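A quick write-up on the structure given underneath.
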Amino acid sequence: MASPGKASVSDSHVGKKKKPPARYWQEETDGEKKGAEDGGRAAEEEPRTQKPKQEEHQREGKRFISGKSDPFPGPAPIPEDRLQKFKRKEKTKKHRRQHYKLRDIITRSEEASEMAQKQAARFDILLPEDAGFLEGDEEEDTYTISQEDIADAVDITSGAKYFNLKLSQFGPYRVDYSKTGRHLLLGGRRGHVACVDWQSKQLMCEINVMESINDVKWLHSETMYAVAQKKWLHIYDSNGIELHCIRKFNDVLRMQFLPYHFLLATASASSFLKYLDVSVGKEVTAICTKTGRLDVMCQNPHNAIIHLGHPNGTVTLWSPNQKEALVKMLCHQGGVRSVTVDKSGTYMVTSGMDKKLKVYDIRALKPLQSYFLPAGASCLSLSQRGLLSATTGDVVQVYKDVCNTPVTKPYMAHRVRGTAWGLSFCPFEDVLGVGHGDGFTSMLVPGAGEPNFDGLDANPYRSAKQRQEWEVKALLEKIQPELISLDPCELGQVDQATFQQRHQDRVQALGFDPLAKEKFVPKYKKKGRSSTGNVEKRKRQVAHEDQRDIIKQTVEDKMKMEKERKNREKKKAKLSGSRSALDRFKN
Amino acid sequence: MAKFSKKKVNRRKVEASGEGPEQVVRDPGEQHEGLNEADGHVSEEQEEDEEEEQEDEEEEEDGGGDKDERRRQKLLEAINALGGKRQKKLGERSEAAVLMSEFTINAEGEGERVDLSDLIGTVEKNRAVPAKTRKQLKNLQQSKRTVECPLSKQETERIQRDVSFQKAASEVSRWKGIIRQNQRAEQLVFPLNQEPAGPKPMERVVSGWKAQTPLEQEVFALLTANKQPVHDPILTPTEEASLRAMSLEEAKIRRAELQKARVLQSYYEAKARRERKIKSKKYHKVHNKAKRKEFLKQFDEMVKTDPATALEELDKMQTARMQERMSLKHQNSGKWARSKALLAKYDEDARKAMQQQLEVNKELTQKLVTSLNNEQEEEEEEEEEAGHPELMPDFVNDAERGLDSSNPWMRGKLSEEPTESERCGSLDLTEEASGVGGGTAEEEEEGEEEEEGEGKEEEALLREFDQRRKLRQVQEADTGPVLSVDDDEGMVEEDEAAAEEEEQLSEFTSLFQEMANSRRDVMAEQAEAAPDTSVQLEEGRRRICTVEDVELLSQEEVAPDEAPVQPQLPPATENMLSAPQKTGKNRKRKRGIELKEVLTTEAKVLRIPLAPTVEDTEESDGKLDQRGLIKEAFAGDDIISDFLRDKRNQEDAGKPKVVDLTLPGWGEWGGGGVKPSRNKRRRFRVKTAPPPPRKDQHLPTVIISEKRNSSISLHQVNSLPFPFESHTQFQSTVRSPMGRTWNTERMVKKITKPKVVTQLGAIIKPMAREELMKDASNNSSVDSLRRKH
């Protein structure tokens, strides 16, 4: 860790040219000579050298004893934009009159957050990888460059990442990459499931579930995956052994895995959105969306909200905590065909039956861009760095900067063998995986993946041991499903609900009112003593009991106050000491 | 003690008469002792007295014969008995002594005590004693006033308690600083006085070490060559000590300074308080007058030196003047003034007082004439001459000049001369009004205002008609109000596709019209709003103006009549400026509501370099495909209307319902066919407050659920922790994350530092007194730091 102080010290040495360090054996003779020469003087000189040193020391502050001036004083500057990148909200204004404790707390926290920001910005240098894009010659459109050309041009390992798998037998494929981007899961419509370590092209397992498959998804690590089969949801391990068959989840069409919550969200044909906690194997919630068949789904990686697309042109946002949609937005005039959200949770891209492609700012829920695609887009996917891929029939197109600036032509285009059915960018790689009717195609898309990975979060090069460690850690840091909300920072806010509202919530959660008074039910007595009249009488005896209590209390309080007042008066009178002759008649 | 000492004094007085001044001199000293030094001395004193008495007796024994002696003794006893309580007889004593005489005679001077007078005698002889003390002593001897009687026992005790308490308090309060510092410290490390961490000089770690090997020698040579400290101490211990002392001194100085400042402040405050408490009106009058004069003088200077601030001051004065003119203060209209007015006929003073009030008013409302002001006016006059009518000379209306385009008052002023006939008419009107009003200024104003109001109404009516006609035209043009706006905005020619969509949307538009009917009305009103609001604005303006200058009214009168007929030049130009703003506003509002526009924004056509050869055949069976096709064909048919209905339902569900609590037959006739009266129903209808505006009120295509997320509220903080005053403060302190995922390692360690660190196995002793001295310097530095924040 380079502290600011240290940095400055090292900086001071950077600019100067140093003499080559003197060697022991070279110096030997010189030293001796000098020693002989200076022998007498040394004793005299010592005190002399001592003095200026001290003076300098006092003048300079305690940093440089050697007396050299620092050419780059102060800590190394941090570029403004990088600082901005790590900014967390604005400072609050300081009030003039504050409690000293409050002032201390606020200044301390401000200091800490500022320093954290600065440190993070400083350490950003340590992310050395940079992303680049394909650039055509003048007046050459980049989409004319074919995949073969790219694969030829790049180095061998990158070139090997462009490949086709011809799997025409089991029909269009769904695709899913694991979180680290090392492993690929293919699920054929006609029951073929294969997981591959796609970079080394090593097949981990290959099975046929002998049922139609709707969707496949990796779970938290590459050891397990979920397959939505014709009837039920199945979970297999990486050897192809069936671990679970979850019968609570039927007719699943689409799945999403929320990695930090360990939740598998499934959307079914019976319009149910269900959440499965894979760490404990329990269903968290089942929400009946009442919107028909749910075959369009995606997640917002920023806040773990599930987006569902519906045939009536709306996109709905769901969290497991609410039985109704958080937000319902009308996006298209026809049904919604595909939805995707970018990594930062800022943009949502939708495509619909009206052949339009729309970009929304999902935080403000406002439309940003609207494009017309002559053939419409059936699948959409956003890469880590914001490239959008869309498939129209058998053509896969990749667009750059769709969200901010209007584009007219694609960045890349590629034709695959059959109709594309599954589409996914590979994390941390410039690769786009396309599952289609004739198998699988791995495309090279320069500039798609994030070049810097977080080794503690998703490490593509991790060993089995590291994976196990990570798994334990991730389980410990698992976020509870209750914390999913539209604004992920909501947890840090003060709940400003009224007492009434909170009480209502409590009643709802408990199922009864804990503060409610129990109604008095007279005990049943024998020998005719529980006649209606008697019961009523007994009821009347305890009627308004609480009110009586209150009244009694207040009366008592009043009496006490009165007494105290009198006492005080008496004392005062005594202290003043002026007793008149008539005072004896008091009391 | 009190009683005893009183008695003693009595006795002394008796004795003093016989024995001379020496005894008297002794007393004050004793008394001082008794006062200052507490209880401990009391018993001592008592003893002394006893001894004295003994002495006296002995002396007398020596002096006279037996008889005399006995008499004298009796007398003494009698005198003693006069004192009251003490009747203890002093018999003969047998003391253990080295030399015992059989006649109970002691050696000379054995039992005698040294008197103060003896000492004083030597003092006078001694040269070393300063003259001052000698003088003091002389004074003491000569003073013959009686000694004040000492305080009672309780009182002295109380005083002693007070003194001792103060001592103890000061002793304890010395710890206050360090305790507070520790309380506020970010981290405390126990035991407190640890050696500072970090590299220590070698001498402290190793003793008797010498550089021996050539490598070591070389290193040392290098160090000396580079002026690095070899023989450590960066500071000698004495130097360090002196440094510390310096810091303490500094702290003391600083404290003294602060104290002085505080004292000065308190003096000033006291003075201010005293002055404020003075009730004399005359004083205040004179005071204020002086102040004003001085201010004026300053102001004159300021005009020369610093015209900008002078202008500001002038502004302030003007506003003050305006306020004075607007208010009824000093106008002799208050309760006091009225009572005085009643008296004024008979009472000279009352008349004078009223006169004074009026004078004050006059003085305060007098226009200030300064060189600055004069210049301004001159400039303005010049401008007027130069033909810039927009730059009005009126000082008060400065701010509104640019904005108030439709202000007829302004117009009236700026317009070309109104035609003769109109002017005549207006004059007539004013005359009439004044005639009706009976001549008083106020009534005149009122009348004029009313007439203006009439004029306004007519105008408004005309405008409304015009507006309606326009609206009708627009509707006839079959595009509907919403679309018309689009046209206005210049939504350039839309593609054919878009046009088709519009046709498809016709149903929606009709539905939307229905829905937005009420809204449109509002919008129409808004479209009208520009003139309407201006009318209101005008009225508001006028009221203020009329109070100020009545003479302008005639011109104002003309303006509204003229306005619709022929818009004059200057307002027109101003309208040009202001119009886009207003329309822009309106448009914005409309845009907020417009659903259609959101859905049919211009879509940019994307080129596809490769035409798809395979059509979407994801669904293998043809039926589904067909359904999709149908859907596509009728896309947008009912989608939007459904959505709108949905949204409206949601909105309605969120609205609070009106609860009707009327009971038929109560307070009036009931029965079949008899409805409770409207009045009653109105009275018993409970309306709840409208809910806060929905989050999606400006987003037509979005429905945001207003349900509370109660699951997260279990984990949220629901009451503000102690020192925080507002939730924003608290939220800002918890805004940045603490974990390793977001922070560098060092930051994490810094943030999660424990509050108290104790060294394992070390004994934590209570703080020693040395800590106080050590922290005195730290404290001052901390204080200064805190002041900075």
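We label chains A, B, ... in the order they appear in the structure tokens, count residues from 1 in each chain, and number ligands from 1 in the order shown.
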
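Contact shell of Ser221 (chain A) at 10 Å (only C-alpha atoms; same-chain neighbours under 3 positions omitted): Ser178, Lys179, Thr180, His183, Trp218, Met224, Tyr225, Ser238, Pro259, Ala458, Arg467, Gln468, Trp470 and Glu471 of chain A.
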
Go ahead and dump the residues you just picked, all heavy atoms, as a short mmCIF file (atom, residue, chain, number, x, y, z; two decimals), in the first residue's frame.
data_model
loop_
_atom_site.label_atom_id
_atom_site.label_comp_id
_atom_site.auth_asym_id
_atom_site.auth_seq_id
_atom_site.Cartn_x
_atom_site.Cartn_y
_atom_site.Cartn_z
N SER A 178 -20.95 -19.48 -17.28
CA SER A 178 -20.87 -19.36 -15.82
C SER A 178 -20.37 -17.97 -15.46
O SER A 178 -19.93 -17.22 -16.32
CB SER A 178 -19.93 -20.42 -15.24
OG SER A 178 -18.62 -20.16 -15.66
N LYS A 179 -20.43 -17.64 -14.17
CA LYS A 179 -20.15 -16.26 -13.75
C LYS A 179 -18.70 -15.87 -14.04
O LYS A 179 -18.39 -14.71 -14.26
CB LYS A 179 -20.42 -16.15 -12.25
CG LYS A 179 -20.67 -14.73 -11.81
CD LYS A 179 -20.83 -14.69 -10.31
CE LYS A 179 -20.48 -13.32 -9.80
NZ LYS A 179 -20.14 -13.35 -8.39
N THR A 180 -17.82 -16.86 -14.02
CA THR A 180 -16.42 -16.54 -14.29
C THR A 180 -16.13 -16.52 -15.79
O THR A 180 -15.08 -16.04 -16.20
CB THR A 180 -15.51 -17.59 -13.65
OG1 THR A 180 -15.90 -18.87 -14.14
CG2 THR A 180 -15.61 -17.56 -12.16
N HIS A 183 -16.95 -21.52 -18.19
CA HIS A 183 -17.74 -22.71 -18.53
C HIS A 183 -18.99 -22.33 -19.29
O HIS A 183 -19.61 -21.30 -19.05
CB HIS A 183 -18.11 -23.47 -17.27
CG HIS A 183 -16.91 -23.91 -16.49
ND1 HIS A 183 -16.26 -25.08 -16.73
CD2 HIS A 183 -16.23 -23.29 -15.51
CE1 HIS A 183 -15.22 -25.19 -15.92
NE2 HIS A 183 -15.17 -24.09 -15.16
N TRP A 218 -26.59 -21.98 -15.17
CA TRP A 218 -25.61 -22.34 -14.14
C TRP A 218 -26.10 -21.83 -12.80
O TRP A 218 -26.70 -20.76 -12.72
CB TRP A 218 -24.27 -21.70 -14.43
CG TRP A 218 -23.46 -22.32 -15.52
CD1 TRP A 218 -23.20 -21.77 -16.73
CD2 TRP A 218 -22.80 -23.57 -15.48
NE1 TRP A 218 -22.43 -22.60 -17.48
CE2 TRP A 218 -22.17 -23.72 -16.73
CE3 TRP A 218 -22.69 -24.60 -14.55
CZ2 TRP A 218 -21.43 -24.85 -17.07
CZ3 TRP A 218 -21.95 -25.72 -14.87
CH2 TRP A 218 -21.33 -25.85 -16.13
N MET A 224 -22.79 -27.03 -10.55
CA MET A 224 -24.23 -27.33 -10.59
C MET A 224 -24.93 -26.49 -11.63
O MET A 224 -24.55 -25.33 -11.84
CB MET A 224 -24.86 -27.06 -9.22
CG MET A 224 -24.70 -28.18 -8.24
SD MET A 224 -25.75 -27.92 -6.83
CE MET A 224 -24.83 -26.75 -5.90
N TYR A 225 -25.93 -27.06 -12.24
CA TYR A 225 -26.75 -26.23 -13.12
C TYR A 225 -28.20 -26.69 -13.06
O TYR A 225 -28.50 -27.82 -12.68
CB TYR A 225 -26.23 -26.26 -14.56
CG TYR A 225 -26.06 -27.62 -15.16
CD1 TYR A 225 -27.13 -28.25 -15.80
CD2 TYR A 225 -24.85 -28.28 -15.10
CE1 TYR A 225 -26.97 -29.51 -16.37
CE2 TYR A 225 -24.68 -29.54 -15.65
CZ TYR A 225 -25.76 -30.15 -16.29
OH TYR A 225 -25.60 -31.38 -16.83
N SER A 238 -22.01 -31.22 -12.40
CA SER A 238 -21.22 -31.09 -13.62
C SER A 238 -20.86 -32.44 -14.24
O SER A 238 -20.30 -32.49 -15.33
CB SER A 238 -19.96 -30.29 -13.33
OG SER A 238 -19.25 -30.94 -12.31
N PRO A 259 -26.76 -14.20 -8.30
CA PRO A 259 -25.60 -14.85 -7.68
C PRO A 259 -25.34 -14.42 -6.23
O PRO A 259 -24.85 -15.22 -5.45
CB PRO A 259 -24.44 -14.43 -8.57
CG PRO A 259 -24.91 -13.22 -9.29
CD PRO A 259 -26.39 -13.33 -9.39
N ALA A 458 -15.08 -13.04 -9.08
CA ALA A 458 -15.22 -14.02 -10.16
C ALA A 458 -13.87 -14.16 -10.83
O ALA A 458 -13.49 -13.33 -11.64
CB ALA A 458 -16.27 -13.53 -11.15
N ARG A 467 -12.02 -22.18 -5.59
CA ARG A 467 -13.46 -22.16 -5.79
C ARG A 467 -14.18 -22.52 -4.50
O ARG A 467 -15.18 -21.90 -4.12
CB ARG A 467 -13.86 -23.12 -6.90
CG ARG A 467 -15.28 -22.90 -7.36
CD ARG A 467 -15.78 -24.09 -8.14
NE ARG A 467 -15.84 -25.28 -7.30
CZ ARG A 467 -15.40 -26.46 -7.68
NH1 ARG A 467 -14.85 -26.63 -8.86
NH2 ARG A 467 -15.48 -27.49 -6.85
N GLN A 468 -13.63 -23.53 -3.83
CA GLN A 468 -14.27 -23.94 -2.56
C GLN A 468 -14.22 -22.81 -1.55
O GLN A 468 -15.21 -22.51 -0.89
CB GLN A 468 -13.55 -25.18 -2.01
CG GLN A 468 -13.88 -26.43 -2.77
CD GLN A 468 -12.90 -27.54 -2.46
OE1 GLN A 468 -12.05 -27.41 -1.57
NE2 GLN A 468 -12.99 -28.63 -3.21
N TRP A 470 -14.01 -19.69 -2.16
CA TRP A 470 -14.93 -18.63 -2.59
C TRP A 470 -16.36 -19.00 -2.23
O TRP A 470 -17.15 -18.15 -1.82
CB TRP A 470 -14.80 -18.45 -4.11
CG TRP A 470 -15.89 -17.60 -4.66
CD1 TRP A 470 -15.91 -16.25 -4.70
CD2 TRP A 470 -17.13 -18.06 -5.19
NE1 TRP A 470 -17.09 -15.83 -5.23
CE2 TRP A 470 -17.85 -16.90 -5.54
CE3 TRP A 470 -17.70 -19.31 -5.41
CZ2 TRP A 470 -19.13 -16.97 -6.10
CZ3 TRP A 470 -18.95 -19.39 -5.96
CH2 TRP A 470 -19.66 -18.22 -6.29
N GLU A 471 -16.68 -20.26 -2.40
CA GLU A 471 -18.05 -20.70 -2.16
C GLU A 471 -18.43 -20.45 -0.70
O GLU A 471 -19.51 -19.93 -0.40
CB GLU A 471 -18.18 -22.19 -2.47
CG GLU A 471 -19.57 -22.60 -2.84
CD GLU A 471 -19.61 -23.99 -3.45
OE1 GLU A 471 -18.55 -24.51 -3.82
OE2 GLU A 471 -20.71 -24.55 -3.51
#

* **Check: which chain A residues lie within 7 Å of chain B using only C-alpha atoms, as a VMD selection string** => chain A and resid 49 53 65 to 66 88 91 to 92 99 101 to 102 106 109 112 to 113 116 119 to 120 312 to 313 321 325 to 330 333 to 334 353 to 354 370 to 373 392 to 395 408 to 409 419 482 to 483 491 to 496 505

Would you export the selected residues with C-alpha atoms as a PDB file, in the first residue's frame, please?
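To be explicit, this is the file written out as out.pdb:
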ATOM      1  CA  THR A  49      27.967  18.407  10.491  1.00  0.00           C
ATOM      2  CA  LYS A  53      21.608  18.983   9.970  1.00  0.00           C
ATOM      3  CA  ILE A  65      16.747  14.919   6.717  1.00  0.00           C
ATOM      4  CA  SER A  66      19.165  14.797   3.846  1.00  0.00           C
ATOM      5  CA  ARG A  88     -20.530   7.949  -3.348  1.00  0.00           C
ATOM      6  CA  LYS A  91     -21.577  15.588   1.230  1.00  0.00           C
ATOM      7  CA  THR A  92     -24.204  17.022   3.441  1.00  0.00           C
ATOM      8  CA  HIS A  99     -23.656  19.001  19.054  1.00  0.00           C
ATOM      9  CA  LYS A 101     -20.451  14.649  19.256  1.00  0.00           C
ATOM     10  CA  LEU A 102     -22.419  14.960  16.069  1.00  0.00           C
ATOM     11  CA  ILE A 106     -19.786  13.699  10.752  1.00  0.00           C
ATOM     12  CA  SER A 109     -17.165   9.820   8.455  1.00  0.00           C
ATOM     13  CA  ALA A 112     -13.120   8.323   5.990  1.00  0.00           C
ATOM     14  CA  SER A 113     -15.280   8.331   2.908  1.00  0.00           C
ATOM     15  CA  ALA A 116     -11.669   5.753   0.798  1.00  0.00           C
ATOM     16  CA  GLN A 119      -7.503   5.414  -2.087  1.00  0.00           C
ATOM     17  CA  ALA A 120      -9.768   3.580  -4.463  1.00  0.00           C
ATOM     18  CA  ASN A 312     -49.486  -6.967 -23.982  1.00  0.00           C
ATOM     19  CA  GLY A 313     -46.421  -4.830 -24.538  1.00  0.00           C
ATOM     20  CA  ASN A 321     -41.017  -9.123  -1.353  1.00  0.00           C
ATOM     21  CA  ALA A 325     -45.335  -5.632  -9.783  1.00  0.00           C
ATOM     22  CA  LEU A 326     -43.105  -2.871  -8.493  1.00  0.00           C
ATOM     23  CA  VAL A 327     -43.278  -1.127 -11.811  1.00  0.00           C
ATOM     24  CA  LYS A 328     -45.280  -1.782 -14.887  1.00  0.00           C
ATOM     25  CA  MET A 329     -44.274   0.038 -17.993  1.00  0.00           C
ATOM     26  CA  LEU A 330     -45.816   0.034 -21.390  1.00  0.00           C
ATOM     27  CA  GLN A 333     -47.457  -1.743 -29.036  1.00  0.00           C
ATOM     28  CA  GLY A 334     -47.062  -5.421 -29.630  1.00  0.00           C
ATOM     29  CA  MET A 353     -43.477  -7.513 -31.924  1.00  0.00           C
ATOM     30  CA  ASP A 354     -43.834  -4.012 -33.349  1.00  0.00           C
ATOM     31  CA  SER A 370     -36.135   4.046 -30.124  1.00  0.00           C
ATOM     32  CA  TYR A 371     -34.987   2.092 -33.169  1.00  0.00           C
ATOM     33  CA  PHE A 372     -36.845   0.375 -35.907  1.00  0.00           C
ATOM     34  CA  LEU A 373     -35.511  -2.964 -36.978  1.00  0.00           C
ATOM     35  CA  THR A 392     -33.080 -11.130 -36.272  1.00  0.00           C
ATOM     36  CA  GLY A 393     -33.754 -14.557 -37.650  1.00  0.00           C
ATOM     37  CA  ASP A 394     -30.366 -16.052 -38.331  1.00  0.00           C
ATOM     38  CA  VAL A 395     -28.434 -12.782 -38.288  1.00  0.00           C
ATOM     39  CA  THR A 408     -27.732   3.725 -37.618  1.00  0.00           C
ATOM     40  CA  LYS A 409     -25.598   0.752 -38.382  1.00  0.00           C
ATOM     41  CA  THR A 419     -32.536 -19.251 -36.227  1.00  0.00           C
ATOM     42  CA  GLU A 482     -35.824  -9.391   1.930  1.00  0.00           C
ATOM     43  CA  LEU A 483     -33.231  -6.820   1.018  1.00  0.00           C
ATOM     44  CA  LEU A 491     -31.135  -0.230   3.483  1.00  0.00           C
ATOM     45  CA  GLY A 492     -28.972   2.698   4.472  1.00  0.00           C
ATOM     46  CA  GLN A 493     -31.908   5.024   4.768  1.00  0.00           C
ATOM     47  CA  VAL A 494     -33.901   5.837   7.814  1.00  0.00           C
ATOM     48  CA  ASP A 495     -37.361   4.364   7.812  1.00  0.00           C
ATOM     49  CA  GLN A 496     -39.592   7.375   8.135  1.00  0.00           C
ATOM     50  CA  ASP A 505     -46.897  -3.915   9.203  1.00  0.00           C
TER      51      ASP A 505
END

* Asked: region 313-510 of chain A: which residues are helix (DSSP H, G or I) by DSSP, as a PyMOL selection string?
  -> chain A and resi 464-476+481-483+488-492+499-510

Any chance you can output those residues with N, CA and C atoms as an mmCIF file, in the first residue's frame?
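The new file part.cif reads:
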data_model
loop_
_atom_site.group_PDB
_atom_site.id
_atom_site.type_symbol
_atom_site.label_atom_id
_atom_site.label_comp_id
_atom_site.auth_asym_id
_atom_site.auth_seq_id
_atom_site.Cartn_x
_atom_site.Cartn_y
_atom_site.Cartn_z
ATOM 1 N N ALA A 464 -9.637 -25.404 -8.057
ATOM 2 C CA ALA A 464 -10.754 -26.022 -7.349
ATOM 3 C C ALA A 464 -10.769 -25.582 -5.892
ATOM 4 N N LYS A 465 -9.564 -25.486 -5.340
ATOM 5 C CA LYS A 465 -9.456 -25.095 -3.936
ATOM 6 C C LYS A 465 -9.978 -23.672 -3.734
ATOM 7 N N GLN A 466 -9.546 -22.819 -4.648
ATOM 8 C CA GLN A 466 -9.993 -21.423 -4.568
ATOM 9 C C GLN A 466 -11.502 -21.332 -4.721
ATOM 10 N N ARG A 467 -12.022 -22.176 -5.587
ATOM 11 C CA ARG A 467 -13.464 -22.155 -5.789
ATOM 12 C C ARG A 467 -14.180 -22.518 -4.497
ATOM 13 N N GLN A 468 -13.632 -23.530 -3.833
ATOM 14 C CA GLN A 468 -14.267 -23.940 -2.562
ATOM 15 C C GLN A 468 -14.221 -22.812 -1.548
ATOM 16 N N GLU A 469 -13.071 -22.189 -1.478
ATOM 17 C CA GLU A 469 -12.941 -21.058 -0.548
ATOM 18 C C GLU A 469 -13.965 -19.983 -0.872
ATOM 19 N N TRP A 470 -14.015 -19.686 -2.162
ATOM 20 C CA TRP A 470 -14.932 -18.632 -2.594
ATOM 21 C C TRP A 470 -16.358 -18.999 -2.232
ATOM 22 N N GLU A 471 -16.679 -20.259 -2.403
ATOM 23 C CA GLU A 471 -18.051 -20.700 -2.157
ATOM 24 C C GLU A 471 -18.433 -20.446 -0.699
ATOM 25 N N VAL A 472 -17.525 -20.803 0.200
ATOM 26 C CA VAL A 472 -17.796 -20.592 1.617
ATOM 27 C C VAL A 472 -17.995 -19.113 1.911
ATOM 28 N N LYS A 473 -17.083 -18.318 1.338
ATOM 29 C CA LYS A 473 -17.159 -16.887 1.567
ATOM 30 C C LYS A 473 -18.462 -16.317 1.027
ATOM 31 N N ALA A 474 -18.782 -16.741 -0.176
ATOM 32 C CA ALA A 474 -19.991 -16.207 -0.816
ATOM 33 C C ALA A 474 -21.225 -16.585 -0.020
ATOM 34 N N LEU A 475 -21.198 -17.798 0.521
ATOM 35 C CA LEU A 475 -22.351 -18.215 1.329
ATOM 36 C C LEU A 475 -22.455 -17.381 2.594
ATOM 37 N N LEU A 476 -21.288 -17.059 3.148
ATOM 38 C CA LEU A 476 -21.310 -16.227 4.355
ATOM 39 C C LEU A 476 -21.815 -14.819 4.051
ATOM 40 N N PRO A 481 -33.081 -12.390 0.769
ATOM 41 C CA PRO A 481 -34.018 -11.925 -0.262
ATOM 42 C C PRO A 481 -34.873 -10.735 0.185
ATOM 43 N N GLU A 482 -34.998 -10.531 1.489
ATOM 44 C CA GLU A 482 -35.824 -9.391 1.930
ATOM 45 C C GLU A 482 -35.195 -8.058 1.546
ATOM 46 N N LEU A 483 -33.909 -8.087 1.275
ATOM 47 C CA LEU A 483 -33.231 -6.820 1.018
ATOM 48 C C LEU A 483 -33.296 -6.400 -0.442
ATOM 49 N N PRO A 488 -31.075 -0.152 -4.330
ATOM 50 C CA PRO A 488 -30.255 -1.003 -3.469
ATOM 51 C C PRO A 488 -29.686 -0.270 -2.252
ATOM 52 N N CYS A 489 -29.737 1.057 -2.282
ATOM 53 C CA CYS A 489 -29.222 1.819 -1.139
ATOM 54 C C CYS A 489 -30.287 2.045 -0.070
ATOM 55 N N GLU A 490 -31.447 1.466 -0.287
ATOM 56 C CA GLU A 490 -32.553 1.764 0.617
ATOM 57 C C GLU A 490 -32.259 1.310 2.047
ATOM 58 N N LEU A 491 -31.437 0.291 2.145
ATOM 59 C CA LEU A 491 -31.135 -0.230 3.483
ATOM 60 C C LEU A 491 -30.445 0.815 4.343
ATOM 61 N N GLY A 492 -29.692 1.684 3.715
ATOM 62 C CA GLY A 492 -28.972 2.698 4.472
ATOM 63 C C GLY A 492 -29.798 3.909 4.812
ATOM 64 N N PHE A 499 -45.636 5.600 13.206
ATOM 65 C CA PHE A 499 -45.808 4.487 14.131
ATOM 66 C C PHE A 499 -46.990 3.623 13.705
ATOM 67 N N GLN A 500 -48.025 4.313 13.253
ATOM 68 C CA GLN A 500 -49.217 3.597 12.817
ATOM 69 C C GLN A 500 -48.890 2.609 11.716
ATOM 70 N N GLN A 501 -48.139 3.123 10.743
ATOM 71 C CA GLN A 501 -47.816 2.278 9.608
ATOM 72 C C GLN A 501 -46.994 1.072 10.051
ATOM 73 N N ARG A 502 -46.048 1.357 10.927
ATOM 74 C CA ARG A 502 -45.198 0.257 11.376
ATOM 75 C C ARG A 502 -46.004 -0.776 12.154
ATOM 76 N N HIS A 503 -46.910 -0.248 12.916
ATOM 77 C CA HIS A 503 -47.768 -1.149 13.686
ATOM 78 C C HIS A 503 -48.599 -2.013 12.742
ATOM 79 N N GLN A 504 -49.065 -1.359 11.685
ATOM 80 C CA GLN A 504 -49.845 -2.102 10.702
ATOM 81 C C GLN A 504 -49.014 -3.240 10.103
ATOM 82 N N ASP A 505 -47.787 -2.894 9.764
ATOM 83 C CA ASP A 505 -46.897 -3.915 9.203
ATOM 84 C C ASP A 505 -46.717 -5.068 10.178
ATOM 85 N N ARG A 506 -46.569 -4.699 11.414
ATOM 86 C CA ARG A 506 -46.323 -5.712 12.437
ATOM 87 C C ARG A 506 -47.526 -6.626 12.560
ATOM 88 N N VAL A 507 -48.679 -5.993 12.545
ATOM 89 C CA VAL A 507 -49.907 -6.783 12.646
ATOM 90 C C VAL A 507 -49.997 -7.726 11.469
ATOM 91 N N GLN A 508 -49.630 -7.197 10.310
ATOM 92 C CA GLN A 508 -49.721 -8.026 9.121
ATOM 93 C C GLN A 508 -48.743 -9.194 9.203
ATOM 94 N N ALA A 509 -47.545 -8.900 9.697
ATOM 95 C CA ALA A 509 -46.535 -9.949 9.772
ATOM 96 C C ALA A 509 -46.906 -11.001 10.806
ATOM 97 N N LEU A 510 -47.441 -10.536 11.945
ATOM 98 C CA LEU A 510 -47.743 -11.476 13.029
ATOM 99 C C LEU A 510 -49.069 -12.194 12.810
#

* **Near-region 245-257 of chain A list (7 Å; only C-alpha atoms; drop same-chain fewer than 5 positions) as a PyMOL selection string** => chain A and resi 214-215+217+219+228+230-235+263-269+294-295+297-299

* Asked: Suppose you want the space between CA of His220 (chain A) and CA of Phe262 (chain A); what is it in Å?
  -> 6.8 Å

* **Atom pair CA of Lys282 (chain B) / CA of Lys352 (chain B): separation (Å)** =>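 Distance reported for this atom pair: 14.4 Å.
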
* To do: To one decimal in Å, tell me the separation between CA of Pro446 (chain A) and CA of Glu138 (chain A).
  =>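 Separating CA of Pro446 (chain A) from CA of Glu138 (chain A) is a distance of 18.6 Å.
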